[in-house]
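S.K.: Sharing entry_16.csv below, CSV, N, CA and C atoms:
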chain,number,residue,atom,x,y,z
R,7,MET,N,101.3,80.1,120.1
R,7,MET,CA,102.6,80.8,120.1
R,7,MET,C,102.4,82.2,119.7
R,8,ARG,N,103.2,83.1,120.1
R,8,ARG,CA,103.2,84.5,119.7
R,8,ARG,C,103.9,84.7,118.3
R,9,ILE,N,103.7,85.8,117.8
R,9,ILE,CA,104.2,86.1,116.4
R,9,ILE,C,105.7,86.0,116.3
R,10,GLY,N,106.4,86.4,117.4
R,10,GLY,CA,107.9,86.3,117.4
R,10,GLY,C,108.4,84.9,117.3
R,11,GLU,N,107.7,84.0,118.0
R,11,GLU,CA,108.1,82.5,117.9
R,11,GLU,C,107.8,82.0,116.5
R,12,LEU,N,106.6,82.3,115.9
R,12,LEU,CA,106.3,81.9,114.6
R,12,LEU,C,107.3,82.4,113.6
R,13,ALA,N,107.7,83.7,113.8
R,13,ALA,CA,108.7,84.3,112.9
R,13,ALA,C,110.0,83.6,113.0
R,14,GLU,N,110.4,83.2,114.2
R,14,GLU,CA,111.7,82.6,114.4
R,14,GLU,C,111.6,81.1,113.8
R,15,ARG,N,110.6,80.4,114.0
R,15,ARG,CA,110.5,79.0,113.6
R,15,ARG,C,110.3,78.9,112.1
R,16,THR,N,109.8,79.9,111.4
R,16,THR,CA,109.6,79.8,110.0
R,16,THR,C,110.6,80.6,109.2
R,17,GLY,N,111.4,81.4,109.9
R,17,GLY,CA,112.4,82.3,109.2
R,17,GLY,C,111.7,83.4,108.4
R,18,THR,N,110.5,83.8,108.9
R,18,THR,CA,109.7,84.8,108.2
R,18,THR,C,109.6,86.1,109.1
R,19,PRO,N,109.9,87.2,108.5
R,19,PRO,CA,109.8,88.4,109.3
R,19,PRO,C,108.4,88.7,109.9
R,20,ARG,N,108.3,89.3,111.0
R,20,ARG,CA,106.9,89.5,111.6
R,20,ARG,C,106.1,90.4,110.7
R,21,ARG,N,106.7,91.3,110.1
R,21,ARG,CA,105.9,92.2,109.2
R,21,ARG,C,105.3,91.4,108.0
R,22,LEU,N,106.0,90.4,107.5
R,22,LEU,CA,105.5,89.5,106.5
R,22,LEU,C,104.3,88.7,107.0
R,23,LEU,N,104.4,88.2,108.3
R,23,LEU,CA,103.4,87.4,108.9
R,23,LEU,C,102.1,88.3,109.0
R,24,ARG,N,102.3,89.6,109.4
R,24,ARG,CA,101.1,90.5,109.5
R,24,ARG,C,100.5,90.7,108.1
R,25,TYR,N,101.4,90.8,107.1
R,25,TYR,CA,100.9,90.9,105.7
R,25,TYR,C,100.1,89.6,105.3
R,26,TYR,N,100.5,88.5,105.7
R,26,TYR,CA,99.8,87.2,105.3
R,26,TYR,C,98.4,87.3,106.0
R,27,GLU,N,98.4,87.8,107.2
R,27,GLU,CA,97.1,87.9,107.9
R,27,GLU,C,96.2,88.9,107.2
R,28,GLU,N,96.8,90.0,106.8
R,28,GLU,CA,96.0,91.1,106.1
R,28,GLU,C,95.4,90.5,104.8
R,29,GLN,N,96.1,89.6,104.1
R,29,GLN,CA,95.7,88.9,102.9
R,29,GLN,C,94.8,87.7,103.2
R,30,GLU,N,94.5,87.5,104.5
R,30,GLU,CA,93.7,86.3,104.9
R,30,GLU,C,94.3,85.0,104.5
R,31,LEU,N,95.6,84.9,104.5
R,31,LEU,CA,96.3,83.6,104.3
R,31,LEU,C,96.5,82.9,105.6
R,32,ILE,N,96.6,83.6,106.7
R,32,ILE,CA,96.6,83.0,108.0
R,32,ILE,C,95.7,83.8,108.9
R,33,MET,N,95.0,83.1,109.8
R,33,MET,CA,94.1,83.8,110.6
R,33,MET,C,94.3,83.4,112.1
R,34,PRO,N,95.2,84.1,112.8
R,34,PRO,CA,95.4,83.7,114.2
R,34,PRO,C,94.2,84.1,115.1
R,35,THR,N,94.1,83.5,116.2
R,35,THR,CA,93.2,84.0,117.2
R,35,THR,C,93.8,85.1,117.9
R,36,ARG,N,93.0,85.8,118.7
R,36,ARG,CA,93.5,86.9,119.5
R,36,ARG,C,93.3,86.6,121.0
R,37,CYS,N,94.3,86.9,121.7
R,37,CYS,CA,94.2,86.7,123.2
R,37,CYS,C,93.4,87.9,123.7
R,38,ALA,N,93.1,87.8,125.0
R,38,ALA,CA,92.3,88.9,125.7
R,38,ALA,C,93.1,90.2,125.6
R,39,ASN,N,94.4,90.1,125.6
R,39,ASN,CA,95.2,91.4,125.6
R,39,ASN,C,95.4,91.9,124.2
R,40,GLY,N,94.8,91.2,123.2
R,40,GLY,CA,94.9,91.6,121.8
R,40,GLY,C,96.1,91.0,121.0
R,41,TYR,N,97.0,90.3,121.7
R,41,TYR,CA,98.1,89.6,121.0
R,41,TYR,C,97.6,88.5,120.1
R,42,ARG,N,98.3,88.4,119.0
R,42,ARG,CA,98.0,87.2,118.1
R,42,ARG,C,98.4,85.9,118.7
R,43,ASP,N,97.6,84.9,118.5
R,43,ASP,CA,98.0,83.6,119.0
R,43,ASP,C,97.9,82.6,117.9
R,44,TYR,N,99.1,82.0,117.5
R,44,TYR,CA,99.2,81.1,116.4
R,44,TYR,C,99.4,79.7,117.0
R,45,ASP,N,98.5,78.7,116.5
R,45,ASP,CA,98.7,77.4,116.9
R,45,ASP,C,99.8,76.7,116.0
R,46,GLU,N,100.1,75.5,116.4
R,46,GLU,CA,101.2,74.8,115.7
R,46,GLU,C,101.1,74.6,114.2
R,47,ARG,N,99.9,74.5,113.7
R,47,ARG,CA,99.6,74.3,112.3
R,47,ARG,C,100.1,75.4,111.4
R,48,PHE,N,100.2,76.6,112.0
R,48,PHE,CA,100.7,77.8,111.3
R,48,PHE,C,102.1,77.7,110.8
R,49,VAL,N,102.9,76.9,111.5
R,49,VAL,CA,104.3,76.8,111.1
R,49,VAL,C,104.3,76.2,109.7
R,50,ASP,N,103.7,75.1,109.5
R,50,ASP,CA,103.6,74.4,108.2
R,50,ASP,C,102.9,75.3,107.2
R,51,ARG,N,101.9,76.0,107.6
R,51,ARG,CA,101.1,76.9,106.7
R,51,ARG,C,102.0,78.0,106.1
R,52,VAL,N,102.7,78.6,107.0
R,52,VAL,CA,103.6,79.7,106.6
R,52,VAL,C,104.7,79.2,105.6
R,53,VAL,N,105.2,78.0,105.9
R,53,VAL,CA,106.2,77.4,105.0
R,53,VAL,C,105.6,77.2,103.6
R,54,GLN,N,104.4,76.7,103.6
R,54,GLN,CA,103.7,76.4,102.4
R,54,GLN,C,103.4,77.7,101.6
R,55,ILE,N,103.0,78.7,102.3
R,55,ILE,CA,102.7,80.0,101.7
R,55,ILE,C,104.0,80.6,101.1
R,56,ARG,N,105.1,80.5,101.8
R,56,ARG,CA,106.4,81.0,101.3
R,56,ARG,C,106.8,80.3,100.1
R,57,GLY,N,106.6,79.0,100.1
R,57,GLY,CA,107.0,78.1,98.9
R,57,GLY,C,106.2,78.5,97.7
R,58,LEU,N,104.9,78.7,97.9
R,58,LEU,CA,104.0,79.1,96.8
R,58,LEU,C,104.4,80.5,96.3
R,59,LEU,N,104.7,81.4,97.2
R,59,LEU,CA,105.1,82.7,96.7
R,59,LEU,C,106.5,82.7,96.0
R,60,ASP,N,107.4,81.9,96.5
R,60,ASP,CA,108.7,81.7,95.8
R,60,ASP,C,108.5,81.1,94.4
R,61,ALA,N,107.4,80.3,94.3
R,61,ALA,CA,107.2,79.6,93.0
R,61,ALA,C,106.5,80.6,92.0
R,62,GLY,N,106.1,81.8,92.5
R,62,GLY,CA,105.6,82.8,91.6
R,62,GLY,C,104.1,83.0,91.7
R,63,LEU,N,103.4,82.3,92.6
R,63,LEU,CA,101.9,82.4,92.7
R,63,LEU,C,101.6,83.7,93.4
R,64,PRO,N,100.6,84.4,92.9
R,64,PRO,CA,100.2,85.6,93.7
R,64,PRO,C,99.3,85.2,94.9
R,65,THR,N,99.3,86.1,95.9
R,65,THR,CA,98.6,85.8,97.1
R,65,THR,C,97.1,85.6,96.9
R,66,ARG,N,96.5,86.2,95.9
R,66,ARG,CA,95.0,86.0,95.6
R,66,ARG,C,94.8,84.6,95.2
R,67,ILE,N,95.7,83.9,94.4
R,67,ILE,CA,95.6,82.6,94.0
R,67,ILE,C,95.9,81.6,95.2
R,68,ILE,N,96.9,82.0,95.9
R,68,ILE,CA,97.3,81.2,97.1
R,68,ILE,C,96.1,81.1,98.1
R,69,LYS,N,95.4,82.2,98.3
R,69,LYS,CA,94.3,82.2,99.2
R,69,LYS,C,93.2,81.2,98.7
R,70,GLN,N,93.0,81.1,97.4
R,70,GLN,CA,92.0,80.2,96.9
R,70,GLN,C,92.4,78.7,97.0
R,71,ILE,N,93.7,78.4,96.9
R,71,ILE,CA,94.1,77.0,96.9
R,71,ILE,C,94.5,76.5,98.3
R,72,LEU,N,94.7,77.4,99.3
R,72,LEU,CA,95.1,77.0,100.6
R,72,LEU,C,94.2,75.9,101.2
R,73,PRO,N,92.9,76.0,101.1
R,73,PRO,CA,92.1,74.9,101.6
R,73,PRO,C,92.5,73.5,101.1
R,74,CYS,N,93.0,73.4,99.8
R,74,CYS,CA,93.4,72.2,99.2
R,74,CYS,C,94.6,71.6,99.9
R,75,LEU,N,95.5,72.5,100.4
R,75,LEU,CA,96.7,72.0,101.0
R,75,LEU,C,96.6,71.2,102.3
R,76,ASP,N,95.5,71.5,103.0
R,76,ASP,CA,95.2,70.7,104.2
R,76,ASP,C,94.8,69.3,103.9
R,77,LYS,N,94.0,69.1,102.8
R,77,LYS,CA,93.5,67.8,102.5
R,77,LYS,C,93.6,67.7,100.9
R,78,PRO,N,94.8,67.4,100.5
R,78,PRO,CA,95.1,67.4,99.0
R,78,PRO,C,94.2,66.4,98.2
R,79,ARG,N,93.6,65.4,98.9
R,79,ARG,CA,92.8,64.4,98.1
R,79,ARG,C,91.3,64.9,98.0
R,80,VAL,N,91.0,66.0,98.7
R,80,VAL,CA,89.6,66.5,98.7
R,80,VAL,C,89.6,67.9,98.0
R,81,ILE,N,89.9,67.9,96.7
R,81,ILE,CA,89.9,69.1,96.0
R,81,ILE,C,88.7,69.3,95.1
R,82,HIS,N,87.9,70.3,95.4
R,82,HIS,CA,86.7,70.6,94.6
R,82,HIS,C,86.5,72.1,94.7
R,83,PHE,N,86.5,72.7,93.5
R,83,PHE,CA,86.3,74.1,93.5
R,83,PHE,C,85.1,74.4,92.5
R,84,LYS,N,84.0,74.8,93.1
R,84,LYS,CA,82.9,75.2,92.2
R,84,LYS,C,83.1,76.5,91.6
R,85,ASP,N,83.9,77.4,92.2
R,85,ASP,CA,84.1,78.7,91.8
R,85,ASP,C,85.5,79.0,91.1
R,86,ALA,N,86.1,77.9,90.6
R,86,ALA,CA,87.4,78.1,90.0
R,86,ALA,C,87.2,78.9,88.7
R,87,THR,N,87.8,80.0,88.6
R,87,THR,CA,87.6,80.8,87.4
R,87,THR,C,88.6,80.4,86.3
R,88,PRO,N,88.3,80.6,85.0
R,88,PRO,CA,89.2,80.3,83.9
R,88,PRO,C,90.6,81.0,84.1
R,89,GLU,N,90.6,82.2,84.7
R,89,GLU,CA,91.8,82.9,85.0
R,89,GLU,C,92.7,82.1,86.0
R,90,MET,N,92.0,81.7,87.1
R,90,MET,CA,92.7,80.9,88.1
R,90,MET,C,93.3,79.6,87.5
R,91,LEU,N,92.5,78.9,86.7
R,91,LEU,CA,93.0,77.7,86.2
R,91,LEU,C,94.2,77.9,85.2
R,92,ALA,N,94.1,79.0,84.4
R,92,ALA,CA,95.2,79.3,83.5
R,92,ALA,C,96.4,79.7,84.3
R,93,THR,N,96.2,80.5,85.3
R,93,THR,CA,97.4,80.9,86.2
R,93,THR,C,98.0,79.6,86.8
R,94,LEU,N,97.2,78.7,87.3
R,94,LEU,CA,97.8,77.5,87.9
R,94,LEU,C,98.5,76.6,86.9
R,95,GLU,N,97.9,76.5,85.7
R,95,GLU,CA,98.5,75.7,84.7
R,95,GLU,C,99.9,76.3,84.3
R,96,GLY,N,99.9,77.6,84.1
R,96,GLY,CA,101.2,78.3,83.8
R,96,GLY,C,102.2,78.1,84.9
R,97,GLU,N,101.8,78.2,86.1
R,97,GLU,CA,102.7,78.1,87.2
R,97,GLU,C,103.2,76.6,87.3
R,98,LEU,N,102.3,75.7,87.1
R,98,LEU,CA,102.7,74.3,87.1
R,98,LEU,C,103.8,74.0,86.0
R,99,ASP,N,103.6,74.5,84.8
R,99,ASP,CA,104.6,74.4,83.8
R,99,ASP,C,105.9,75.0,84.2
R,100,ARG,N,105.8,76.2,84.8
R,100,ARG,CA,107.0,76.9,85.2
R,100,ARG,C,107.8,76.1,86.3
R,101,MET,N,107.0,75.5,87.2
R,101,MET,CA,107.6,74.7,88.3
R,101,MET,C,108.2,73.5,87.7
R,102,ASN,N,107.6,72.8,86.8
R,102,ASN,CA,108.1,71.6,86.2
R,102,ASN,C,109.4,71.9,85.5
R,103,HIS,N,109.5,73.1,84.8
R,103,HIS,CA,110.8,73.4,84.1
R,103,HIS,C,111.8,73.7,85.2
R,104,ARG,N,111.5,74.4,86.2
R,104,ARG,CA,112.4,74.7,87.3
R,104,ARG,C,112.9,73.4,88.0
R,105,ILE,N,112.0,72.5,88.2
R,105,ILE,CA,112.4,71.2,88.8
R,105,ILE,C,113.4,70.4,87.9
R,106,ALA,N,113.1,70.4,86.6
R,106,ALA,CA,114.0,69.8,85.6
R,106,ALA,C,115.4,70.4,85.7
R,107,CYS,N,115.4,71.7,85.7
R,107,CYS,CA,116.7,72.5,85.8
R,107,CYS,C,117.4,72.1,87.1
R,108,LEU,N,116.7,72.2,88.2
R,108,LEU,CA,117.3,71.9,89.5
R,108,LEU,C,117.8,70.4,89.5
R,109,THR,N,117.1,69.5,88.9
R,109,THR,CA,117.5,68.1,88.9
R,109,THR,C,118.8,68.0,88.1
R,110,ARG,N,118.9,68.6,86.9
R,110,ARG,CA,120.1,68.6,86.1
R,110,ARG,C,121.3,69.2,86.9
R,111,ASN,N,121.0,70.3,87.6
R,111,ASN,CA,122.1,70.9,88.4
R,111,ASN,C,122.5,70.0,89.5
R,112,ARG,N,121.6,69.4,90.2
R,112,ARG,CA,121.9,68.5,91.3
R,112,ARG,C,122.7,67.3,90.8
R,113,ASP,N,122.3,66.7,89.7
R,113,ASP,CA,123.0,65.6,89.1
R,113,ASP,C,124.4,66.0,88.7
R,114,ALA,N,124.6,67.2,88.2
R,114,ALA,CA,125.9,67.6,87.8
R,114,ALA,C,126.8,67.8,89.0
R,115,ILE,N,126.3,68.4,90.1
R,115,ILE,CA,127.0,68.6,91.3
R,115,ILE,C,127.4,67.2,91.9
R,116,GLU,N,126.4,66.3,92.0
R,116,GLU,CA,126.7,65.0,92.5
R,116,GLU,C,127.8,64.3,91.7
R,117,GLU,N,127.8,64.4,90.4
R,117,GLU,CA,128.8,63.8,89.6
R,117,GLU,C,130.2,64.4,89.8
R,118,TYR,N,130.2,65.8,89.9
R,118,TYR,CA,131.4,66.5,90.2
R,118,TYR,C,132.0,66.0,91.6
R,119,LEU,N,131.2,66.0,92.6
R,119,LEU,CA,131.6,65.6,93.9
R,119,LEU,C,132.2,64.2,93.9
R,120,GLU,N,131.5,63.3,93.2
R,120,GLU,CA,131.9,61.9,93.1
R,120,GLU,C,133.3,61.8,92.5
R,121,VAL,N,133.6,62.6,91.4
R,121,VAL,CA,134.9,62.6,90.7
R,121,VAL,C,136.0,63.1,91.7
R,122,VAL,N,135.6,64.2,92.3
R,122,VAL,CA,136.6,64.9,93.2
R,122,VAL,C,136.9,63.9,94.4
R,123,ARG,N,135.9,63.3,95.0
R,123,ARG,CA,136.2,62.4,96.1
R,123,ARG,C,137.0,61.2,95.7
R,124,ARG,N,136.8,60.7,94.5
R,124,ARG,CA,137.6,59.5,94.0
R,124,ARG,C,139.0,59.9,93.8
R,125,SER,N,139.2,61.1,93.3
R,125,SER,CA,140.6,61.6,93.0
R,125,SER,C,141.3,61.9,94.3
R,126,LYS,N,140.7,62.2,95.3
R,126,LYS,CA,141.3,62.5,96.6
R,126,LYS,C,141.4,61.3,97.5
R,127,ALA,N,140.8,60.2,97.1
R,127,ALA,CA,140.8,58.9,97.9
R,127,ALA,C,142.2,58.4,98.0
R,128,PRO,N,142.7,58.0,99.2
R,128,PRO,CA,144.0,57.5,99.4
R,128,PRO,C,144.2,56.2,98.5
R,129,GLU,N,145.4,56.1,98.0
R,129,GLU,CA,145.8,54.9,97.2
R,129,GLU,C,145.9,53.7,98.2
R,130,PRO,N,145.4,52.6,97.7
R,130,PRO,CA,145.6,51.4,98.6
R,130,PRO,C,147.1,51.0,98.7
R,131,SER,N,147.5,50.7,99.9
R,131,SER,CA,148.9,50.4,100.1
R,131,SER,C,149.3,49.0,99.5
R,132,ALA,N,150.5,49.0,99.0
R,132,ALA,CA,151.0,47.8,98.3
R,132,ALA,C,151.2,46.7,99.4
R,133,PRO,N,151.1,45.4,99.0
R,133,PRO,CA,151.3,44.3,99.9
R,133,PRO,C,152.7,44.4,100.5
R,134,GLY,N,152.9,44.0,101.7
R,134,GLY,CA,154.2,44.0,102.3
R,134,GLY,C,154.6,45.4,102.9
R,135,GLY,N,153.7,46.4,102.8
R,135,GLY,CA,153.9,47.7,103.4
R,135,GLY,C,154.8,48.6,102.7
R,136,ARG,N,155.2,48.4,101.5
R,136,ARG,CA,156.1,49.2,100.8
R,136,ARG,C,155.5,50.2,99.9
Translate the structure described by the file into structure tokens.
M.R.:
Amino acid sequence: MRIGELAERTGTPRRLLRYYEEQELIMPTRCANGYRDYDERFVDRVVQIRGLLDAGLPTRIIKQILPCLDKPRVIHFKDATPEMLATLEGELDRMNHRIACLTRNRDAIEEYLEVVRRSKAPEPSAPGGR
């Protein structure tokens, strides 16, 4: 697929996709005419990258952990630096706090909607139709 289709399918601007390529987060092939060609797997990859960026990870760390995202059960880094590990541990803590906050907010919204729906539910009619 061309860059425009990938941009549309992932909701990611073309300029940002080019930046991901510059940072070697995605590596499309090139057609004979020089156009970038992205295969289907890049849709998920771009979504993963955006999620990691949204979580606060820098692109240099994302580049190092991207191979693990394809096969999460085969994680082995001989060259994991103490800085990388500290960054990942900090981000994991931050994500866990954010998940806890989001869970509390979701539960509060669910409870609110439940109360509102119950209060708006029609009263059961009395026997005999009165």
S.K.: Just the number, please: distance in Å from CA of Asp45 in chain R to atom C of Met33 in chain R, one decimal.
M.R.: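 Separating CA of Asp45 in chain R from atom C of Met33 in chain R is a distance of 8.9 Å.
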S.K.: Just the residues within 12 Å of Glu28 in chain R, please, counting only C-alpha atoms, with nothing from its chain fewer than 6 positions along; format it as an mmCIF file with N, CA and C atoms, in the frame of the given file.
M.R.:
data_model
loop_
_atom_site.group_PDB
_atom_site.id
_atom_site.type_symbol
_atom_site.label_atom_id
_atom_site.label_comp_id
_atom_site.auth_asym_id
_atom_site.auth_seq_id
_atom_site.Cartn_x
_atom_site.Cartn_y
_atom_site.Cartn_z
ATOM 1 N N ARG R 21 106.700 91.300 110.100
ATOM 2 C CA ARG R 21 105.900 92.200 109.200
ATOM 3 C C ARG R 21 105.300 91.400 108.000
ATOM 4 N N LEU R 22 106.000 90.400 107.500
ATOM 5 C CA LEU R 22 105.500 89.500 106.500
ATOM 6 C C LEU R 22 104.300 88.700 107.000
ATOM 7 N N PRO R 34 95.200 84.100 112.800
ATOM 8 C CA PRO R 34 95.400 83.700 114.200
ATOM 9 C C PRO R 34 94.200 84.100 115.100
ATOM 10 N N THR R 65 99.300 86.100 95.900
ATOM 11 C CA THR R 65 98.600 85.800 97.100
ATOM 12 C C THR R 65 97.100 85.600 96.900
ATOM 13 N N ARG R 66 96.500 86.200 95.900
ATOM 14 C CA ARG R 66 95.000 86.000 95.600
ATOM 15 C C ARG R 66 94.800 84.600 95.200
ATOM 16 N N LYS R 69 95.400 82.200 98.300
ATOM 17 C CA LYS R 69 94.300 82.200 99.200
ATOM 18 C C LYS R 69 93.200 81.200 98.700
#
S.K.: Run DSSP on the backbone of this structure and report the residues of chain R it assigns to strand (DSSP E or B), as a list in words.
M.R.: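 Strand (DSSP E or B) members of chain R, listed: Thr35, Arg36, Arg42 and Asp43 of chain R.
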S.K.: Leaving out Thr16 in chain R and any residue of its chain fewer than 5 positions from it, which residues lie within 8 Å of it when counting all atoms listed in the file, given as a JSON list (two decimals) with N, CA and C atoms, in the coordinates of the input?
M.R.:
[["chain", "number", "residue", "atom", "x", "y", "z"],
["R", 10, "GLY", "N", 106.40, 86.40, 117.40],
["R", 10, "GLY", "CA", 107.90, 86.30, 117.40],
["R", 10, "GLY", "C", 108.40, 84.90, 117.30],
["R", 11, "GLU", "N", 107.70, 84.00, 118.00],
["R", 11, "GLU", "CA", 108.10, 82.50, 117.90],
["R", 11, "GLU", "C", 107.80, 82.00, 116.50],
["R", 48, "PHE", "N", 100.20, 76.60, 112.00],
["R", 48, "PHE", "CA", 100.70, 77.80, 111.30],
["R", 48, "PHE", "C", 102.10, 77.70, 110.80],
["R", 49, "VAL", "N", 102.90, 76.90, 111.50],
["R", 49, "VAL", "CA", 104.30, 76.80, 111.10],
["R", 49, "VAL", "C", 104.30, 76.20, 109.70],
["R", 50, "ASP", "N", 103.70, 75.10, 109.50],
["R", 50, "ASP", "CA", 103.60, 74.40, 108.20],
["R", 50, "ASP", "C", 102.90, 75.30, 107.20],
["R", 52, "VAL", "N", 102.70, 78.60, 107.00],
["R", 52, "VAL", "CA", 103.60, 79.70, 106.60],
["R", 52, "VAL", "C", 104.70, 79.20, 105.60],
["R", 53, "VAL", "N", 105.20, 78.00, 105.90],
["R", 53, "VAL", "CA", 106.20, 77.40, 105.00],
["R", 53, "VAL", "C", 105.60, 77.20, 103.60]]
S.K.: When you draw a straight line from atom C of Asn39 in chain R to CA of Arg24 in chain R, how long is it in Å?
M.R.: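 Between these atoms lies a distance of 15.8 Å.
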S.K.: Going by DSSP on the backbone, which bits of range 17-123 of chain R are helix (DSSP H, G or I)? Write them as a ChimeraX atom specification, please.
M.R.: /R:20-28,47-60,65-76,88-123
S.K.: Need to verify the contact set: Ile68 in chain R, 8 Å, only N, CA and C atoms, exclusion of same-chain residues closer than 5 positions in sequence. Can you return it as a list of chain:residue names?
M.R.: R:Glu30, R:Leu31, R:Ile55, R:Leu58, R:Leu59, R:Leu63, R:Pro73
S.K.: So, counting only C-alpha atoms, which residue among R:Cys74, R:Leu91, R:Met7, R:Leu23 is closest to Asp43 in chain R?
M.R.: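 Among R:Cys74, R:Leu91, R:Met7, R:Leu23, it is R:Met7 that comes nearest to Asp43 in chain R.
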S.K.: Would you work out the distance separating atom N of Leu98 in chain R from atom N of Arg110 in chain R, expressed in Å to one decimal?
M.R.: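 Taking atom N of Leu98 in chain R and atom N of Arg110 in chain R, their separation equals 18.1 Å.
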S.K.: Given the choices R:Arg8, R:Arg56, R:Arg104, R:Arg112, which gets closest to Arg42 in chain R if the distance is worked out from all atoms listed in the file?
M.R.: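 Selected residue with least distance to Arg42 in chain R: R:Arg8.
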S.K.: Determine the nearest neighbour of Tyr41 in chain R from the options R:Ile9, R:Glu120, R:Ala61, R:Arg20, counting all atoms listed in the file.
M.R.: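 Of the candidates, the smallest distance to Tyr41 in chain R is held by R:Ile9.
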S.K.: Counting only C-alpha atoms, figure out which residue out of R:Met101, R:Ile115, R:Val121, R:Ile67 gets nearest to Gln29 in chain R.
M.R.: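 Under the stated criterion, the closest residue is R:Ile67.
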